[in-house]
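Chemist: Pasting a structure below so you can have a look.
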Amino acid sequence: MGRILAIDYGTKRTGLAVTDPECLIAGPLDSVPTHKLMDYLREYCRQEIVDCIVVGEPKRWNGTDTQSSQPIRQFITVLEKVFPGIRVARADERFTSLLASRAILEAGISRSGRRDKALVDRVSAVIILQGYMDSLIQST
């Protein structure tokens, strides 16, 4: 069984989260400059078995696309070509940055730590991944 990898795609930085090998627990993986993301993913997928890549899809509160929707769709197309043996799924990422900021605050992270946007990206990716995993459980 392979891992599930989640991506909180951003124009500057991208947050990544991954499951354990048994796909039971979601945890942060890394935050990567977006221009280095594909190289990072290629290397990660060489070292680990990945069954699914979940990409967060931003939507407005009413479900319509945001200005980030088109670049993310293009990124997903590239992912599907570069990793043809790995399923690519989409997950609603509405409010994940807000939820991540709240989780970081509740965890007691210092003010300087809360300013770390890479941390917010990683936590957002964990929230995307956990939501995806929850949806798998609910559909069974």
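Residue numbering restarts at 1 for every chain of the structure tokens, chains are lettered A, B, ... in their displayed order, and ligands are numbered from 1 as they appear.
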Would you list the contacts of range 122-126 of chain A as a PDB file with N, CA and C atoms, in the first residue's frame, taking every protein, DNA or RNA residue within 7 Å and counting only C-alpha atoms, but skipping same-chain residues closer than 2 positions in sequence?
Modeler:
ATOM      1  N   ALA A   6      -0.654  15.086  -0.162  1.00  0.00           N
ATOM      2  CA  ALA A   6      -1.543  16.233  -0.379  1.00  0.00           C
ATOM      3  C   ALA A   6      -0.727  17.462  -0.709  1.00  0.00           C
ATOM      4  N   ILE A   7      -1.293  18.291  -1.575  1.00  0.00           N
ATOM      5  CA  ILE A   7      -0.621  19.497  -2.048  1.00  0.00           C
ATOM      6  C   ILE A   7      -1.520  20.704  -1.838  1.00  0.00           C
ATOM      7  N   ASP A   8      -0.987  21.689  -1.120  1.00  0.00           N
ATOM      8  CA  ASP A   8      -1.629  23.001  -0.998  1.00  0.00           C
ATOM      9  C   ASP A   8      -0.827  23.930  -1.901  1.00  0.00           C
ATOM     10  N   GLY A  15       2.659  23.864   0.114  1.00  0.00           N
ATOM     11  CA  GLY A  15       2.704  23.016   1.296  1.00  0.00           C
ATOM     12  C   GLY A  15       2.386  21.578   0.930  1.00  0.00           C
ATOM     13  N   LEU A  16       3.095  20.662   1.581  1.00  0.00           N
ATOM     14  CA  LEU A  16       2.913  19.241   1.311  1.00  0.00           C
ATOM     15  C   LEU A  16       2.648  18.489   2.607  1.00  0.00           C
ATOM     16  N   ALA A  17       1.782  17.506   2.524  1.00  0.00           N
ATOM     17  CA  ALA A  17       1.499  16.617   3.641  1.00  0.00           C
ATOM     18  C   ALA A  17       1.421  15.201   3.090  1.00  0.00           C
ATOM     19  N   ALA A  26      -2.294  11.526   8.876  1.00  0.00           N
ATOM     20  CA  ALA A  26      -1.816  12.599   8.000  1.00  0.00           C
ATOM     21  C   ALA A  26      -0.830  13.451   8.786  1.00  0.00           C
ATOM     22  N   GLY A  27       0.274  13.797   8.155  1.00  0.00           N
ATOM     23  CA  GLY A  27       1.257  14.651   8.811  1.00  0.00           C
ATOM     24  C   GLY A  27       1.912  15.583   7.816  1.00  0.00           C
ATOM     25  N   PRO A  28       2.504  16.671   8.299  1.00  0.00           N
ATOM     26  CA  PRO A  28       3.175  17.608   7.399  1.00  0.00           C
ATOM     27  C   PRO A  28       4.415  16.973   6.780  1.00  0.00           C
ATOM     28  N   LEU A  29       4.711  17.336   5.563  1.00  0.00           N
ATOM     29  CA  LEU A  29       5.909  16.834   4.893  1.00  0.00           C
ATOM     30  C   LEU A  29       6.916  17.951   4.702  1.00  0.00           C
ATOM     31  N   ASP A  30       6.528  18.995   3.968  1.00  0.00           N
ATOM     32  CA  ASP A  30       7.482  20.051   3.652  1.00  0.00           C
ATOM     33  C   ASP A  30       6.738  21.231   3.059  1.00  0.00           C
ATOM     34  N   SER A  31       7.460  22.316   2.916  1.00  0.00           N
ATOM     35  CA  SER A  31       7.005  23.475   2.161  1.00  0.00           C
ATOM     36  C   SER A  31       8.099  23.750   1.149  1.00  0.00           C
ATOM     37  N   THR A  96      -9.011  26.411   4.405  1.00  0.00           N
ATOM     38  CA  THR A  96      -7.914  25.664   5.021  1.00  0.00           C
ATOM     39  C   THR A  96      -6.857  26.595   5.620  1.00  0.00           C
ATOM     40  N   SER A  97      -6.569  27.717   4.981  1.00  0.00           N
ATOM     41  CA  SER A  97      -5.576  28.633   5.554  1.00  0.00           C
ATOM     42  C   SER A  97      -6.066  29.205   6.876  1.00  0.00           C
ATOM     43  N   ALA A 100      -5.842  26.437   9.389  1.00  0.00           N
ATOM     44  CA  ALA A 100      -4.436  26.204   9.720  1.00  0.00           C
ATOM     45  C   ALA A 100      -3.936  27.270  10.683  1.00  0.00           C
ATOM     46  N   ALA A 118       5.332  29.311   5.543  1.00  0.00           N
ATOM     47  CA  ALA A 118       5.595  27.930   5.151  1.00  0.00           C
ATOM     48  C   ALA A 118       4.928  26.962   6.125  1.00  0.00           C
ATOM     49  N   LEU A 119       4.895  27.319   7.405  1.00  0.00           N
ATOM     50  CA  LEU A 119       4.210  26.494   8.402  1.00  0.00           C
ATOM     51  C   LEU A 119       2.714  26.445   8.108  1.00  0.00           C
ATOM     52  N   VAL A 120       2.140  27.587   7.789  1.00  0.00           N
ATOM     53  CA  VAL A 120       0.709  27.629   7.447  1.00  0.00           C
ATOM     54  C   VAL A 120       0.446  26.755   6.221  1.00  0.00           C
ATOM     55  N   ILE A 128      -6.097  19.522   4.257  1.00  0.00           N
ATOM     56  CA  ILE A 128      -6.608  19.003   2.981  1.00  0.00           C
ATOM     57  C   ILE A 128      -6.553  17.475   2.985  1.00  0.00           C
ATOM     58  N   LEU A 129      -5.412  16.933   3.408  1.00  0.00           N
ATOM     59  CA  LEU A 129      -5.233  15.484   3.421  1.00  0.00           C
ATOM     60  C   LEU A 129      -6.189  14.806   4.401  1.00  0.00           C
ATOM     61  N   GLN A 130      -6.324  15.367   5.585  1.00  0.00           N
ATOM     62  CA  GLN A 130      -7.219  14.771   6.572  1.00  0.00           C
ATOM     63  C   GLN A 130      -8.668  14.804   6.087  1.00  0.00           C
TER      64      GLN A 130
END
Chemist: Which residues are close to Leu79 in chain A, i.e. within 12 Å by only C-alpha atoms, leaving aside same-chain residues fewer than 4 positions away? Reply as a compact mmCIF listing (two decimals) with N, CA and C atoms, in the first residue's frame.
Modeler:
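Result saved to selection_36.txt:
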# COMPACT_ATOMS: atom_id res chain seq x y z
N ILE A 7 -1.29 18.29 -1.57
CA ILE A 7 -0.62 19.50 -2.05
C ILE A 7 -1.52 20.70 -1.84
N LEU A 37 8.84 22.53 -7.21
CA LEU A 37 7.89 21.51 -6.76
C LEU A 37 7.98 20.21 -7.56
N MET A 38 7.99 20.28 -8.88
CA MET A 38 7.98 19.05 -9.68
C MET A 38 9.24 18.23 -9.44
N ASP A 39 10.40 18.88 -9.32
CA ASP A 39 11.63 18.15 -9.01
C ASP A 39 11.51 17.47 -7.65
N LEU A 41 8.73 16.52 -6.12
CA LEU A 41 7.78 15.41 -6.21
C LEU A 41 8.38 14.21 -6.93
N ARG A 42 9.13 14.45 -7.99
CA ARG A 42 9.79 13.34 -8.70
C ARG A 42 10.71 12.57 -7.75
N CYS A 45 8.68 10.67 -5.04
CA CYS A 45 8.00 9.49 -5.59
C CYS A 45 8.99 8.40 -6.01
N CYS A 52 -1.74 8.00 -4.39
CA CYS A 52 -2.66 9.08 -4.74
C CYS A 52 -2.05 10.42 -4.36
N ILE A 53 -2.24 11.39 -5.22
CA ILE A 53 -1.87 12.78 -4.93
C ILE A 53 -3.16 13.58 -4.88
N VAL A 54 -3.39 14.25 -3.75
CA VAL A 54 -4.59 15.06 -3.56
C VAL A 54 -4.18 16.52 -3.67
N VAL A 55 -4.83 17.23 -4.56
CA VAL A 55 -4.52 18.65 -4.77
C VAL A 55 -5.70 19.48 -4.26
N ILE A 72 -4.09 26.01 -10.96
CA ILE A 72 -4.14 24.70 -10.30
C ILE A 72 -4.61 23.63 -11.27
N ARG A 73 -5.57 23.95 -12.12
CA ARG A 73 -6.01 22.98 -13.14
C ARG A 73 -4.86 22.64 -14.07
N GLN A 74 -4.07 23.64 -14.45
CA GLN A 74 -2.91 23.40 -15.30
C GLN A 74 -1.88 22.52 -14.58
N PHE A 75 -1.68 22.80 -13.31
CA PHE A 75 -0.75 21.99 -12.52
C PHE A 75 -1.22 20.54 -12.45
N PHE A 83 3.14 11.79 -13.69
CA PHE A 83 2.94 10.63 -12.82
C PHE A 83 1.72 9.82 -13.29
N PRO A 84 1.80 9.20 -14.48
CA PRO A 84 0.62 8.52 -15.03
C PRO A 84 0.14 7.34 -14.18
N GLY A 85 0.99 6.76 -13.37
CA GLY A 85 0.60 5.62 -12.55
C GLY A 85 0.03 5.99 -11.20
N ILE A 86 -0.05 7.29 -10.92
CA ILE A 86 -0.55 7.75 -9.63
C ILE A 86 -1.86 8.49 -9.84
N ARG A 87 -2.87 8.09 -9.07
CA ARG A 87 -4.17 8.76 -9.17
C ARG A 87 -4.05 10.18 -8.61
N VAL A 88 -4.63 11.13 -9.30
CA VAL A 88 -4.67 12.51 -8.84
C VAL A 88 -6.12 12.85 -8.49
N ALA A 89 -6.32 13.27 -7.26
CA ALA A 89 -7.65 13.62 -6.78
C ALA A 89 -7.67 15.10 -6.42
N ARG A 90 -8.85 15.65 -6.41
CA ARG A 90 -9.04 17.06 -6.02
C ARG A 90 -9.82 17.11 -4.72
Chemist: Using only C-alpha atoms, can you tell me which of A:Glu93, A:Thr77, A:Glu48, A:Ile127 comes closest to Trp61 in chain A?
Modeler: A:Glu93
Chemist: Nearest to Arg3 in chain A among A:Leu24, A:Val32, A:Met133, A:Ile49, with distances taken over only C-alpha atoms: which residue is it?
Modeler: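 Closest to Arg3 in chain A of all the choices is A:Ile49.
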Chemist: Among range 18-137 of chain A, which residues carry a DSSP assignment of strand (DSSP E), reported as a VMD selection string?
Modeler: chain A and resid 18 to 19 26 to 33 50 to 57 87 to 92
Chemist: Kindly export the residues of the current selection with C-alpha atoms, as a PDB file, in the first residue's frame.
Modeler:
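Okay, this is what ended up in out.pdb:
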ATOM      1  CA  VAL A  18       1.618  12.843   3.511  1.00  0.00           C
ATOM      2  CA  THR A  19       0.152   9.816   5.206  1.00  0.00           C
ATOM      3  CA  ALA A  26      -1.816  12.599   8.000  1.00  0.00           C
ATOM      4  CA  GLY A  27       1.257  14.651   8.811  1.00  0.00           C
ATOM      5  CA  PRO A  28       3.175  17.608   7.399  1.00  0.00           C
ATOM      6  CA  LEU A  29       5.909  16.834   4.893  1.00  0.00           C
ATOM      7  CA  ASP A  30       7.482  20.051   3.652  1.00  0.00           C
ATOM      8  CA  SER A  31       7.005  23.475   2.161  1.00  0.00           C
ATOM      9  CA  VAL A  32       8.683  23.891  -1.202  1.00  0.00           C
ATOM     10  CA  PRO A  33       9.198  26.878  -3.486  1.00  0.00           C
ATOM     11  CA  VAL A  50       2.590   7.032  -3.554  1.00  0.00           C
ATOM     12  CA  ASP A  51      -0.848   5.745  -4.585  1.00  0.00           C
ATOM     13  CA  CYS A  52      -2.656   9.076  -4.740  1.00  0.00           C
ATOM     14  CA  ILE A  53      -1.871  12.779  -4.930  1.00  0.00           C
ATOM     15  CA  VAL A  54      -4.586  15.064  -3.561  1.00  0.00           C
ATOM     16  CA  VAL A  55      -4.522  18.647  -4.772  1.00  0.00           C
ATOM     17  CA  GLY A  56      -6.427  21.321  -2.905  1.00  0.00           C
ATOM     18  CA  GLU A  57      -8.852  23.201  -5.112  1.00  0.00           C
ATOM     19  CA  ARG A  87      -4.166   8.758  -9.168  1.00  0.00           C
ATOM     20  CA  VAL A  88      -4.667  12.515  -8.839  1.00  0.00           C
ATOM     21  CA  ALA A  89      -7.654  13.622  -6.780  1.00  0.00           C
ATOM     22  CA  ARG A  90      -9.045  17.061  -6.025  1.00  0.00           C
ATOM     23  CA  ALA A  91     -10.186  18.261  -2.626  1.00  0.00           C
ATOM     24  CA  ASP A  92     -12.053  21.361  -1.561  1.00  0.00           C
TER      25      ASP A  92
END
Chemist: Rank nothing, just name the residue among A:Pro21, A:Ile76, A:Thr14, A:Leu136 nearest to Tyr40 in chain A, using only C-alpha atoms.
Modeler: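 With only C-alpha atoms as the atom set, the closest residue is A:Thr14.
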Chemist: I need the helix (DSSP H, G or I) residues of chain A per DSSP on the backbone, written as a ChimeraX atom specification.
Modeler: /A:34-47,69-82,96-106,111-114,117-138
